[in-house]
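Next comes query19.txt, a file with compact mmCIF, C-alpha atoms (C1' of nucleotides).
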# COMPACT_ATOMS: atom_id res chain seq x y z
CA MET A 1 -14.65 -18.33 -1.10
CA ARG A 2 -11.52 -16.69 0.24
CA ILE A 3 -10.71 -13.13 -0.85
CA ALA A 4 -7.53 -11.37 0.27
CA THR A 5 -5.99 -7.95 -0.33
CA TRP A 6 -2.36 -6.90 0.08
CA ASN A 7 -0.31 -3.80 -0.66
CA VAL A 8 2.96 -5.47 -1.67
CA ASN A 9 5.11 -2.31 -2.03
CA SER A 10 6.74 -3.49 -5.27
CA VAL A 11 5.67 -6.88 -6.57
CA ARG A 12 9.15 -7.58 -7.96
CA GLN A 13 10.68 -7.13 -4.49
CA ARG A 14 7.96 -9.30 -2.96
CA THR A 15 7.60 -12.16 -5.47
CA GLU A 16 8.85 -14.91 -3.14
CA HIS A 17 6.60 -13.73 -0.29
CA LEU A 18 3.69 -13.52 -2.72
CA LEU A 19 4.15 -17.08 -3.95
CA ALA A 20 4.54 -18.34 -0.37
CA TYR A 21 1.31 -16.56 0.57
CA LEU A 22 -0.59 -18.15 -2.30
CA ARG A 23 0.67 -21.60 -1.26
CA GLU A 24 -0.03 -21.12 2.43
CA HIS A 25 -3.49 -19.52 2.34
CA SER A 26 -4.68 -20.49 -1.11
CA PRO A 27 -6.99 -17.48 -1.59
CA ASP A 28 -9.50 -17.79 -4.42
CA VAL A 29 -8.90 -14.12 -5.13
CA LEU A 30 -5.95 -11.92 -4.17
CA CYS A 31 -6.01 -8.18 -4.81
CA LEU A 32 -2.61 -6.49 -4.98
CA GLN A 33 -1.68 -2.83 -4.73
CA GLU A 34 1.52 -0.84 -5.30
CA LEU A 35 2.96 -3.13 -7.93
CA LYS A 36 5.33 -0.30 -8.92
CA CYS A 37 5.83 -1.75 -12.38
CA LEU A 38 4.33 -2.12 -15.80
CA GLU A 39 2.43 -5.25 -16.75
CA GLU A 40 5.41 -6.70 -18.66
CA ALA A 41 7.53 -6.66 -15.49
CA PHE A 42 4.94 -8.48 -13.34
CA PRO A 43 5.98 -12.05 -12.39
CA ARG A 44 3.11 -13.50 -14.39
CA LEU A 45 4.56 -16.94 -15.14
CA GLU A 46 5.42 -17.60 -11.49
CA VAL A 47 1.91 -16.64 -10.35
CA GLU A 48 0.22 -18.60 -13.14
CA ALA A 49 2.29 -21.63 -12.13
CA GLU A 50 0.55 -21.47 -8.74
CA GLY A 51 -2.77 -21.87 -10.50
CA TYR A 52 -3.92 -18.27 -10.87
CA ASN A 53 -5.32 -16.12 -13.62
CA VAL A 54 -3.85 -12.63 -13.54
CA ALA A 55 -5.29 -9.25 -14.48
CA ILE A 56 -2.91 -6.31 -14.20
CA HIS A 57 -3.32 -2.55 -14.34
CA GLY A 58 0.32 -1.51 -14.14
CA GLN A 59 2.24 1.75 -14.05
CA LYS A 60 5.93 2.52 -14.23
CA THR A 61 7.53 3.32 -10.82
CA TYR A 62 4.33 4.13 -8.91
CA ASN A 63 0.93 2.64 -8.08
CA GLY A 64 -0.24 -0.39 -10.08
CA VAL A 65 -2.93 -2.88 -9.06
CA ALA A 66 -3.73 -6.49 -9.95
CA ILE A 67 -6.32 -9.17 -9.30
CA LEU A 68 -5.24 -12.81 -9.06
CA SER A 69 -7.99 -15.42 -9.29
CA LYS A 70 -8.14 -19.20 -9.41
CA ALA A 71 -11.25 -18.94 -11.58
CA PRO A 72 -11.16 -17.13 -14.92
CA ILE A 73 -12.24 -13.50 -14.58
CA GLU A 74 -13.61 -10.61 -16.58
CA THR A 75 -11.91 -7.36 -15.67
CA THR A 76 -12.20 -3.64 -16.22
CA THR A 77 -9.50 -1.13 -15.32
CA GLY A 78 -9.56 2.43 -14.08
CA LEU A 79 -11.94 4.24 -11.74
CA PRO A 80 -14.66 6.04 -13.72
CA GLY A 81 -15.21 9.76 -13.36
CA ASP A 82 -12.02 11.37 -14.68
CA GLU A 83 -10.67 10.45 -18.09
CA SER A 84 -7.54 12.56 -17.46
CA ASP A 85 -6.48 10.53 -14.41
CA GLU A 86 -3.39 8.56 -15.44
CA GLN A 87 -2.67 6.87 -12.11
CA SER A 88 -3.26 3.09 -12.05
CA ARG A 89 -5.24 2.67 -8.86
CA TYR A 90 -8.33 0.60 -9.67
CA ILE A 91 -9.18 -2.73 -11.25
CA GLU A 92 -12.44 -4.65 -11.01
CA ALA A 93 -13.31 -8.27 -11.72
CA ILE A 94 -16.36 -10.48 -11.96
CA ILE A 95 -15.65 -13.89 -10.49
CA PRO A 96 -17.86 -16.96 -10.71
CA HIS A 97 -19.11 -18.06 -7.28
CA GLY A 98 -21.32 -21.13 -7.21
CA ALA A 99 -24.39 -20.41 -9.31
CA SER A 100 -23.80 -16.64 -9.16
CA VAL A 101 -20.86 -14.21 -9.17
CA VAL A 102 -18.85 -12.03 -6.84
CA ARG A 103 -17.73 -8.63 -8.06
CA VAL A 104 -14.40 -7.53 -6.62
CA GLY A 105 -12.99 -4.01 -6.83
CA CYS A 106 -9.27 -3.72 -6.03
CA LEU A 107 -8.27 -0.18 -5.11
CA TYR A 108 -5.25 1.86 -4.09
CA LEU A 109 -6.66 5.08 -2.73
CA PRO A 110 -4.28 8.07 -2.88
CA ASN A 111 -2.27 8.85 0.26
CA GLY A 112 -3.05 12.58 0.10
CA ASN A 113 -0.12 13.99 2.08
CA PRO A 114 0.85 16.77 2.43
CA VAL A 115 -2.67 17.99 3.14
CA ASP A 116 -2.08 21.59 2.02
CA THR A 117 -1.28 20.50 -1.53
CA GLU A 118 -3.11 19.25 -4.61
CA LYS A 119 -2.34 15.73 -3.42
CA TYR A 120 -5.02 16.02 -0.77
CA THR A 121 -7.45 17.57 -3.24
CA TYR A 122 -6.80 14.61 -5.54
CA LYS A 123 -7.44 12.18 -2.68
CA LEU A 124 -10.80 13.71 -1.82
CA ALA A 125 -11.81 13.87 -5.49
CA TRP A 126 -10.79 10.23 -5.92
CA MET A 127 -12.94 9.31 -2.92
CA ASP A 128 -15.88 11.13 -4.48
CA ARG A 129 -15.39 9.12 -7.67
CA LEU A 130 -15.20 5.91 -5.63
CA ILE A 131 -18.43 6.79 -3.82
CA ALA A 132 -20.19 7.47 -7.13
CA HIS A 133 -18.93 4.21 -8.62
CA ALA A 134 -19.81 2.20 -5.50
CA LYS A 135 -23.30 3.67 -5.52
CA LYS A 136 -23.79 2.41 -9.06
CA LEU A 137 -22.39 -1.03 -8.28
CA LEU A 138 -24.73 -1.42 -5.30
CA THR A 139 -27.74 -1.08 -7.59
CA TYR A 140 -26.75 -4.44 -9.14
CA GLU A 141 -27.57 -6.10 -5.78
CA GLU A 142 -24.65 -8.49 -6.18
CA LYS A 143 -22.12 -9.93 -3.81
CA LEU A 144 -19.63 -7.07 -4.01
CA VAL A 145 -16.30 -6.64 -2.24
CA LEU A 146 -14.44 -3.33 -2.52
CA CYS A 147 -11.05 -3.96 -1.05
CA GLY A 148 -7.54 -2.62 -0.97
CA ASP A 149 -5.34 0.05 0.52
CA TYR A 150 -7.80 2.82 1.38
CA ASN A 151 -5.20 5.03 3.05
CA VAL A 152 -7.96 5.84 5.54
CA ILE A 153 -7.83 5.29 9.30
CA PRO A 154 -11.55 4.93 10.04
CA ALA A 155 -11.48 5.66 13.79
CA ALA A 156 -9.22 6.48 16.75
CA ARG A 157 -8.91 2.83 17.77
CA ASP A 158 -7.38 2.13 14.33
CA VAL A 159 -4.19 4.13 14.96
CA TYR A 160 -1.55 3.89 17.69
CA ASP A 161 -1.55 7.67 18.29
CA PRO A 162 -4.82 9.34 17.24
CA VAL A 163 -3.77 12.77 18.55
CA GLY A 164 -0.49 12.71 16.66
CA TRP A 165 -2.29 11.70 13.45
CA ALA A 166 -5.18 14.17 13.75
CA ASN A 167 -4.07 16.36 10.83
CA ASP A 168 -2.71 13.64 8.60
CA ALA A 169 -4.39 12.96 5.25
CA LEU A 170 -5.15 9.41 6.42
CA PHE A 171 -7.07 10.52 9.51
CA LYS A 172 -8.32 14.08 8.98
CA PRO A 173 -12.04 14.57 9.67
CA GLN A 174 -12.74 15.24 5.96
CA THR A 175 -11.08 11.95 5.03
CA ARG A 176 -13.00 9.98 7.64
CA ALA A 177 -16.24 11.69 6.67
CA LYS A 178 -15.85 10.57 3.06
CA PHE A 179 -15.10 7.02 4.21
CA GLN A 180 -18.24 7.12 6.38
CA GLU A 181 -20.17 8.41 3.36
CA LEU A 182 -19.01 5.34 1.44
CA LEU A 183 -19.96 2.99 4.28
CA ALA A 184 -23.33 4.68 4.64
CA LEU A 185 -24.26 3.64 1.11
CA GLY A 186 -24.76 0.20 2.65
CA PHE A 187 -21.32 -1.36 3.05
CA THR A 188 -20.02 -3.42 5.93
CA ASP A 189 -16.42 -3.04 7.06
CA ALA A 190 -15.57 -6.76 7.25
CA LEU A 191 -13.04 -6.45 10.07
CA ARG A 192 -15.37 -4.36 12.24
CA ALA A 193 -18.22 -6.76 11.62
CA THR A 194 -16.24 -9.37 13.51
CA SER A 195 -14.23 -7.46 16.14
CA ASP A 196 -14.26 -4.27 18.20
CA ALA A 197 -10.71 -4.81 19.38
CA GLU A 198 -8.08 -2.11 19.40
CA LYS A 199 -4.64 -2.45 17.85
CA LEU A 200 -5.79 -4.42 14.83
CA TYR A 201 -3.39 -2.97 12.30
CA THR A 202 -2.50 -3.71 8.67
CA PHE A 203 0.44 -1.28 8.26
CA TRP A 204 3.59 -0.54 10.23
CA ASP A 205 6.08 2.05 8.93
CA TYR A 206 9.59 0.87 8.12
CA GLN A 207 10.99 3.71 10.22
CA ALA A 208 11.61 4.29 13.92
CA GLY A 209 10.93 0.73 15.02
CA ALA A 210 7.22 0.97 14.26
CA TRP A 211 6.83 -2.82 13.91
CA PRO A 212 8.58 -3.97 17.11
CA ARG A 213 6.76 -1.18 18.99
CA ASN A 214 3.44 -2.07 17.39
CA LYS A 215 2.91 1.48 16.18
CA GLY A 216 0.54 0.57 13.40
CA LEU A 217 -2.42 1.73 11.36
CA ARG A 218 -5.53 -0.05 10.07
CA ILE A 219 -5.81 1.28 6.53
CA ASP A 220 -6.42 -1.82 4.39
CA HIS A 221 -10.09 -2.71 4.28
CA LEU A 222 -12.64 -5.01 2.71
CA LEU A 223 -16.05 -3.38 2.31
CA LEU A 224 -18.97 -5.71 1.66
CA SER A 225 -22.32 -5.15 -0.03
CA PRO A 226 -25.31 -6.52 1.92
CA GLN A 227 -25.34 -9.63 -0.27
CA ALA A 228 -21.67 -10.29 0.53
CA ALA A 229 -21.97 -9.33 4.22
CA ASP A 230 -24.72 -11.94 4.63
CA ARG A 231 -22.17 -14.58 3.70
CA LEU A 232 -19.24 -13.34 5.78
CA GLU A 233 -17.77 -16.24 7.71
CA SER A 234 -14.42 -14.96 9.03
CA VAL A 235 -11.77 -12.26 8.75
CA ALA A 236 -8.03 -12.61 9.30
CA ILE A 237 -5.09 -10.22 9.27
CA ASP A 238 -1.94 -12.06 8.24
CA LYS A 239 0.32 -10.18 10.62
CA ASP A 240 3.10 -12.77 10.39
CA MET A 241 3.91 -11.39 6.92
CA ARG A 242 5.34 -8.26 8.55
CA ALA A 243 7.89 -10.29 10.54
CA LYS A 244 9.50 -11.80 7.44
CA GLU A 245 12.82 -10.79 5.92
CA LYS A 246 12.33 -7.82 3.55
CA PRO A 247 8.59 -7.46 4.21
CA SER A 248 6.10 -5.08 2.69
CA ASP A 249 5.09 -2.37 5.18
CA HIS A 250 1.48 -3.62 4.75
CA VAL A 251 0.20 -7.12 5.58
CA PRO A 252 -2.58 -9.04 3.81
CA ILE A 253 -6.11 -9.08 5.18
CA ARG A 254 -8.59 -11.70 4.02
CA ILE A 255 -12.16 -12.91 4.38
CA ASP A 256 -13.99 -16.15 3.87
CA LEU A 257 -17.46 -15.99 2.32
CA ARG A 258 -19.88 -18.90 2.57
CA ASP A 259 -20.78 -20.56 -0.72
C1' DA B 260 20.45 4.26 24.03
C1' DT B 261 13.63 5.60 22.95
C1' DG B 262 15.30 3.53 17.48
C1' DA B 263 15.44 8.17 9.98
C1' DC B 264 13.43 2.92 6.09
C1' DT B 265 12.29 1.16 1.51
C1' DT B 266 11.19 1.61 -3.20
C1' DG B 267 12.31 3.06 -8.42
C1' DC B 268 15.38 5.23 -11.27
C1' DG B 269 19.81 4.81 -12.65
C1' DC B 270 24.57 5.55 -10.86
C1' DG B 271 23.70 10.51 -7.45
C1' DG B 272 20.76 11.45 -4.56
C1' DC B 273 15.71 12.59 -5.15
C1' DA B 274 10.69 11.71 -4.84
C1' DA B 275 7.20 9.13 -2.77
C1' DG B 276 5.15 6.39 0.54
C1' DA B 277 2.10 6.79 5.29

Take the structure in the file and give it back as structure tokens.
Amino acid sequence: MRIATWNVNSVRQRTEHLLAYLREHSPDVLCLQELKCLEEAFPRLEVEAEGYNVAIHGQKTYNGVAILSKAPIETTTGLPGDESDEQSRYIEAIIPHGASVVRVGCLYLPNGNPVDTEKYTYKLAWMDRLIAHAKKLLTYEEKLVLCGDYNVIPAARDVYDPVGWANDALFKPQTRAKFQELLALGFTDALRATSDAEKLYTFWDYQAGAWPRNKGLRIDHLLLSPQAADRLESVAIDKDMRAKEKPSDHVPIRIDLRD
DNA sequence: ATGACTTGCGCGGCAAGA
């Protein structure tokens, strides 16, 4: 089973690249973040025509997440823990996988900058809610994949300039500590389970020639429960997507799980 | 030369992203 995640930075601006990606890599599941539109504006018919079921948690202008699946899915939207949170950043699906199921959580974790504002407080609180939810999901002892744009640089080797990013909301010690707290519940970072290499990035800023200079960040992750990690076959970052005309600033990252 | 972009909203620049 192939599961991919991609921050598209506006699904309406990226529809052709999205459809090309579905055709080329044929993921069983694709998690999308930063749709930047309401459900009614999502290119549903085009995606369904490629053979996918679509579950959308949209929002006008900002955020918005979706799960695309070849198999029919059951979905729930919103991250538990704060009924007053109106930002569309989480959707979860149960997907049939052989005789059992895979549970997939698609998340768009808040950026958190600037760090001296309530935006960073919101990020840390959101991470606490994610940790609490993940803890509950792990008790099910299922194949579980929590994937998406975490807006977290886990370690120095995951950023082109660790010193320059030391006080950024994506790399601050408090941010990394919360990410480690999540991992320590029993998750495996899929990419790091297969490679210790440096300069494996999933994001390059649009500005200042970040892409041609390979000034990137690794902030899109797939975290696996023990039951999913046992079946991890391969991981790939689809870096070629950043070289296209009018690309997203993030590229897809995907895994293959054994049946 | 050392690189100030890309969205949505809505029609003028601003907010947000990372």

Quick one: residues within 9 Å of Ile95 (chain A), only C-alpha atoms (C1' of nucleotides), excluding same-chain residues fewer than 3 positions away - as a PyMOL selection string? chain A and resi 29+69+71-74+100-104

Within 10 Å of chain B: residues of chain A, using all atoms listed in the file, as a ChimeraX atom specification: /A:9-10,13,34,36-37,60-62,111-113,151,168-170,203-210,213,217,219,246-249

Written selection (C-alpha atoms) as a tab-separated table (two decimals), keeping the file's coordinate frame:
chain	number	residue	atom	x	y	z
A	9	ASN	CA	5.11	-2.31	-2.03
A	10	SER	CA	6.74	-3.49	-5.27
A	13	GLN	CA	10.68	-7.13	-4.49
A	34	GLU	CA	1.52	-0.84	-5.30
A	36	LYS	CA	5.33	-0.30	-8.92
A	37	CYS	CA	5.83	-1.75	-12.38
A	60	LYS	CA	5.93	2.52	-14.23
A	61	THR	CA	7.53	3.32	-10.82
A	62	TYR	CA	4.33	4.13	-8.91
A	111	ASN	CA	-2.27	8.85	0.26
A	112	GLY	CA	-3.05	12.58	0.10
A	113	ASN	CA	-0.12	13.99	2.08
A	151	ASN	CA	-5.20	5.03	3.05
A	168	ASP	CA	-2.71	13.64	8.60
A	169	ALA	CA	-4.39	12.96	5.25
A	170	LEU	CA	-5.15	9.41	6.42
A	203	PHE	CA	0.44	-1.28	8.26
A	204	TRP	CA	3.59	-0.54	10.23
A	205	ASP	CA	6.08	2.05	8.93
A	206	TYR	CA	9.59	0.87	8.12
A	207	GLN	CA	10.99	3.71	10.22
A	208	ALA	CA	11.61	4.29	13.92
A	209	GLY	CA	10.93	0.73	15.02
A	210	ALA	CA	7.22	0.97	14.26
A	213	ARG	CA	6.76	-1.18	18.99
A	217	LEU	CA	-2.42	1.73	11.36
A	219	ILE	CA	-5.81	1.28	6.53
A	246	LYS	CA	12.33	-7.82	3.55
A	247	PRO	CA	8.59	-7.46	4.21
A	248	SER	CA	6.10	-5.08	2.69
A	249	ASP	CA	5.09	-2.37	5.18

Å distance separating CA of Thr139 (chain A) from CA of Asp259 (chain A), one decimal place: 21.8 Å

Pairwise distance for CA of Gly78 (chain A) and CA of Leu107 (chain A), rounded to one decimal in Å: 9.4 Å

Provide the CA of Leu144 (chain A) to CA of Leu185 (chain A) distance in Å, to one decimal place. 12.7 Å

Give me, as a Markdown table, each residue of region 56-164 of chain A that comes within 9 Å of region 221-229 of chain A, together with its shortest interatomic pair and the distance in Å at one decimal, counting all atoms listed in the file, with rows ordered by chain and rising residue number.
| residue | atom | partner | partner_atom | distance |
| --- | --- | --- | --- | --- |
| A:Val102 | CA | A:Ala228 | CA | 8.1 |
| A:Leu138 | CA | A:Ser225 | CA | 6.9 |
| A:Glu141 | CA | A:Gln227 | CA | 6.9 |
| A:Glu142 | CA | A:Gln227 | CA | 6.1 |
| A:Lys143 | CA | A:Ala228 | CA | 4.4 |
| A:Leu144 | CA | A:Ser225 | CA | 5.2 |
| A:Val145 | CA | A:Leu224 | CA | 4.8 |
| A:Leu146 | CA | A:Leu223 | CA | 5.1 |
| A:Cys147 | CA | A:Leu222 | CA | 4.2 |
| A:Gly148 | CA | A:His221 | CA | 5.8 |
| A:Asp149 | CA | A:His221 | CA | 6.7 |
| A:Tyr150 | CA | A:His221 | CA | 6.7 |
| A:Val152 | CA | A:His221 | CA | 8.9 |

Long-range neighbours of Glu16 (chain A) as a list in words, 12 Å cut-off, all atoms listed in the file, 6 positions minimum in chain: Val8, Ser10, Leu22, Arg23, Pro43, Glu46, Val47, Glu50, Met241, Lys244, Glu245, Lys246, Pro247 and Ser248 of chain A

If you take every atom of region 186-193 of chain A that the file lists and fit an axis-aligned box around them with 4 Å extra on each side, what centre and edge lengths come out in Å to one decimal, as AutoDock Vina command-line options?
--center_x -18.9 --center_y -3.3 --center_z 7.4 --size_x 19.7 --size_y 15.0 --size_z 17.6

Considering only C-alpha atoms, can you say which of A:Asn7, A:Thr194, A:Ser234, A:Gln59 comes closest to Tyr108 (chain A)?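 Under the stated criterion, the closest residue is A:Asn7.
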
Shell around Glu92 (chain A) at 7 Å using only C-alpha atoms (C1' of nucleotides), local window under 2 positions removed, as a VMD selection string: chain A and resid 75 to 77 90 104 to 106

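Within 7 Å of the point (-9.1, -12.8, -4.2) in file coordinates, and counting only C-alpha atoms (C1' of nucleotides), lie the residues Arg2, Ile3, Ala4, Thr5, Pro27, Asp28, Val29, Leu30, Cys31, Ile67, Leu68 and Ser69 of chain A.
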
Would you kindly place N, CA and C atoms on region 80-115 of chain A and return the model as a PDB file, in the coordinates of the input?
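The result, stored in selection.pdb:
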ATOM      1  N   PRO A  80     -13.940   5.068 -12.885  1.00  0.00           N
ATOM      2  CA  PRO A  80     -14.660   6.040 -13.720  1.00  0.00           C
ATOM      3  C   PRO A  80     -14.717   7.432 -13.070  1.00  0.00           C
ATOM      4  N   GLY A  81     -14.964   8.425 -13.905  1.00  0.00           N
ATOM      5  CA  GLY A  81     -15.210   9.760 -13.360  1.00  0.00           C
ATOM      6  C   GLY A  81     -14.184  10.809 -13.705  1.00  0.00           C
ATOM      7  N   ASP A  82     -13.031  10.385 -14.260  1.00  0.00           N
ATOM      8  CA  ASP A  82     -12.020  11.370 -14.680  1.00  0.00           C
ATOM      9  C   ASP A  82     -11.111  10.742 -15.727  1.00  0.00           C
ATOM     10  N   GLU A  83     -11.427  11.035 -16.971  1.00  0.00           N
ATOM     11  CA  GLU A  83     -10.670  10.450 -18.090  1.00  0.00           C
ATOM     12  C   GLU A  83      -9.209  10.897 -18.102  1.00  0.00           C
ATOM     13  N   SER A  84      -8.916  12.029 -17.441  1.00  0.00           N
ATOM     14  CA  SER A  84      -7.540  12.560 -17.460  1.00  0.00           C
ATOM     15  C   SER A  84      -6.660  11.946 -16.374  1.00  0.00           C
ATOM     16  N   ASP A  85      -7.249  11.141 -15.502  1.00  0.00           N
ATOM     17  CA  ASP A  85      -6.480  10.530 -14.410  1.00  0.00           C
ATOM     18  C   ASP A  85      -5.624   9.398 -14.968  1.00  0.00           C
ATOM     19  N   GLU A  86      -4.300   9.565 -14.864  1.00  0.00           N
ATOM     20  CA  GLU A  86      -3.390   8.560 -15.440  1.00  0.00           C
ATOM     21  C   GLU A  86      -2.813   7.606 -14.414  1.00  0.00           C
ATOM     22  N   GLN A  87      -3.230   7.740 -13.150  1.00  0.00           N
ATOM     23  CA  GLN A  87      -2.670   6.870 -12.110  1.00  0.00           C
ATOM     24  C   GLN A  87      -3.432   5.537 -12.056  1.00  0.00           C
ATOM     25  N   SER A  88      -2.665   4.436 -12.040  1.00  0.00           N
ATOM     26  CA  SER A  88      -3.260   3.090 -12.050  1.00  0.00           C
ATOM     27  C   SER A  88      -3.588   2.658 -10.625  1.00  0.00           C
ATOM     28  N   ARG A  89      -4.841   2.906 -10.249  1.00  0.00           N
ATOM     29  CA  ARG A  89      -5.240   2.670  -8.860  1.00  0.00           C
ATOM     30  C   ARG A  89      -6.501   1.827  -8.717  1.00  0.00           C
ATOM     31  N   TYR A  90      -7.072   1.355  -9.809  1.00  0.00           N
ATOM     32  CA  TYR A  90      -8.330   0.600  -9.670  1.00  0.00           C
ATOM     33  C   TYR A  90      -8.469  -0.460 -10.759  1.00  0.00           C
ATOM     34  N   ILE A  91      -8.848  -1.654 -10.322  1.00  0.00           N
ATOM     35  CA  ILE A  91      -9.180  -2.730 -11.250  1.00  0.00           C
ATOM     36  C   ILE A  91     -10.325  -3.536 -10.638  1.00  0.00           C
ATOM     37  N   GLU A  92     -11.222  -3.977 -11.498  1.00  0.00           N
ATOM     38  CA  GLU A  92     -12.440  -4.650 -11.010  1.00  0.00           C
ATOM     39  C   GLU A  92     -12.629  -5.950 -11.775  1.00  0.00           C
ATOM     40  N   ALA A  93     -13.117  -6.965 -11.070  1.00  0.00           N
ATOM     41  CA  ALA A  93     -13.310  -8.270 -11.720  1.00  0.00           C
ATOM     42  C   ALA A  93     -14.636  -8.884 -11.326  1.00  0.00           C
ATOM     43  N   ILE A  94     -15.175  -9.664 -12.248  1.00  0.00           N
ATOM     44  CA  ILE A  94     -16.360 -10.480 -11.960  1.00  0.00           C
ATOM     45  C   ILE A  94     -15.881 -11.922 -11.903  1.00  0.00           C
ATOM     46  N   ILE A  95     -16.172 -12.560 -10.767  1.00  0.00           N
ATOM     47  CA  ILE A  95     -15.650 -13.890 -10.490  1.00  0.00           C
ATOM     48  C   ILE A  95     -16.797 -14.855 -10.247  1.00  0.00           C
ATOM     49  N   PRO A  96     -16.800 -15.978 -10.938  1.00  0.00           N
ATOM     50  CA  PRO A  96     -17.860 -16.960 -10.710  1.00  0.00           C
ATOM     51  C   PRO A  96     -17.834 -17.471  -9.270  1.00  0.00           C
ATOM     52  N   HIS A  97     -19.013 -17.583  -8.664  1.00  0.00           N
ATOM     53  CA  HIS A  97     -19.110 -18.060  -7.280  1.00  0.00           C
ATOM     54  C   HIS A  97     -20.365 -18.914  -7.173  1.00  0.00           C
ATOM     55  N   GLY A  98     -20.178 -20.230  -7.215  1.00  0.00           N
ATOM     56  CA  GLY A  98     -21.320 -21.130  -7.210  1.00  0.00           C
ATOM     57  C   GLY A  98     -22.173 -20.869  -8.444  1.00  0.00           C
ATOM     58  N   ALA A  99     -23.476 -20.662  -8.197  1.00  0.00           N
ATOM     59  CA  ALA A  99     -24.390 -20.410  -9.310  1.00  0.00           C
ATOM     60  C   ALA A  99     -24.410 -18.931  -9.697  1.00  0.00           C
ATOM     61  N   SER A 100     -23.790 -18.079  -8.869  1.00  0.00           N
ATOM     62  CA  SER A 100     -23.800 -16.640  -9.160  1.00  0.00           C
ATOM     63  C   SER A 100     -22.378 -16.112  -9.328  1.00  0.00           C
ATOM     64  N   VAL A 101     -22.178 -14.829  -9.024  1.00  0.00           N
ATOM     65  CA  VAL A 101     -20.860 -14.210  -9.170  1.00  0.00           C
ATOM     66  C   VAL A 101     -20.559 -13.331  -7.957  1.00  0.00           C
ATOM     67  N   VAL A 102     -19.277 -13.052  -7.790  1.00  0.00           N
ATOM     68  CA  VAL A 102     -18.850 -12.030  -6.840  1.00  0.00           C
ATOM     69  C   VAL A 102     -18.124 -10.969  -7.662  1.00  0.00           C
ATOM     70  N   ARG A 103     -18.461  -9.713  -7.413  1.00  0.00           N
ATOM     71  CA  ARG A 103     -17.730  -8.630  -8.060  1.00  0.00           C
ATOM     72  C   ARG A 103     -16.715  -8.095  -7.061  1.00  0.00           C
ATOM     73  N   VAL A 104     -15.471  -7.989  -7.511  1.00  0.00           N
ATOM     74  CA  VAL A 104     -14.400  -7.530  -6.620  1.00  0.00           C
ATOM     75  C   VAL A 104     -13.736  -6.295  -7.217  1.00  0.00           C
ATOM     76  N   GLY A 105     -13.710  -5.218  -6.447  1.00  0.00           N
ATOM     77  CA  GLY A 105     -12.990  -4.010  -6.830  1.00  0.00           C
ATOM     78  C   GLY A 105     -11.724  -3.933  -6.003  1.00  0.00           C
ATOM     79  N   CYS A 106     -10.585  -3.783  -6.691  1.00  0.00           N
ATOM     80  CA  CYS A 106      -9.270  -3.720  -6.030  1.00  0.00           C
ATOM     81  C   CYS A 106      -8.778  -2.282  -6.159  1.00  0.00           C
ATOM     82  N   LEU A 107      -8.590  -1.608  -5.039  1.00  0.00           N
ATOM     83  CA  LEU A 107      -8.270  -0.180  -5.110  1.00  0.00           C
ATOM     84  C   LEU A 107      -7.049   0.213  -4.281  1.00  0.00           C
ATOM     85  N   TYR A 108      -6.377   1.228  -4.801  1.00  0.00           N
ATOM     86  CA  TYR A 108      -5.250   1.860  -4.090  1.00  0.00           C
ATOM     87  C   TYR A 108      -5.573   3.340  -3.997  1.00  0.00           C
ATOM     88  N   LEU A 109      -6.196   3.702  -2.914  1.00  0.00           N
ATOM     89  CA  LEU A 109      -6.660   5.080  -2.730  1.00  0.00           C
ATOM     90  C   LEU A 109      -5.458   5.985  -2.456  1.00  0.00           C
ATOM     91  N   PRO A 110      -5.436   7.181  -3.049  1.00  0.00           N
ATOM     92  CA  PRO A 110      -4.280   8.070  -2.880  1.00  0.00           C
ATOM     93  C   PRO A 110      -3.989   8.382  -1.413  1.00  0.00           C
ATOM     94  N   ASN A 111      -2.719   8.522  -1.098  1.00  0.00           N
ATOM     95  CA  ASN A 111      -2.270   8.850   0.260  1.00  0.00           C
ATOM     96  C   ASN A 111      -2.770  10.244   0.679  1.00  0.00           C
ATOM     97  N   GLY A 112      -2.513  11.238  -0.157  1.00  0.00           N
ATOM     98  CA  GLY A 112      -3.050  12.580   0.100  1.00  0.00           C
ATOM     99  C   GLY A 112      -2.172  13.539   0.883  1.00  0.00           C
ATOM    100  N   ASN A 113      -1.040  13.076   1.398  1.00  0.00           N
ATOM    101  CA  ASN A 113      -0.120  13.990   2.080  1.00  0.00           C
ATOM    102  C   ASN A 113       0.832  14.623   1.081  1.00  0.00           C
ATOM    103  N   PRO A 114       1.272  15.871   1.352  1.00  0.00           N
ATOM    104  CA  PRO A 114       0.850  16.770   2.430  1.00  0.00           C
ATOM    105  C   PRO A 114      -0.546  17.348   2.180  1.00  0.00           C
ATOM    106  N   VAL A 115      -1.262  17.633   3.270  1.00  0.00           N
ATOM    107  CA  VAL A 115      -2.670  17.990   3.140  1.00  0.00           C
ATOM    108  C   VAL A 115      -2.912  19.392   2.572  1.00  0.00           C
TER     109      VAL A 115
END
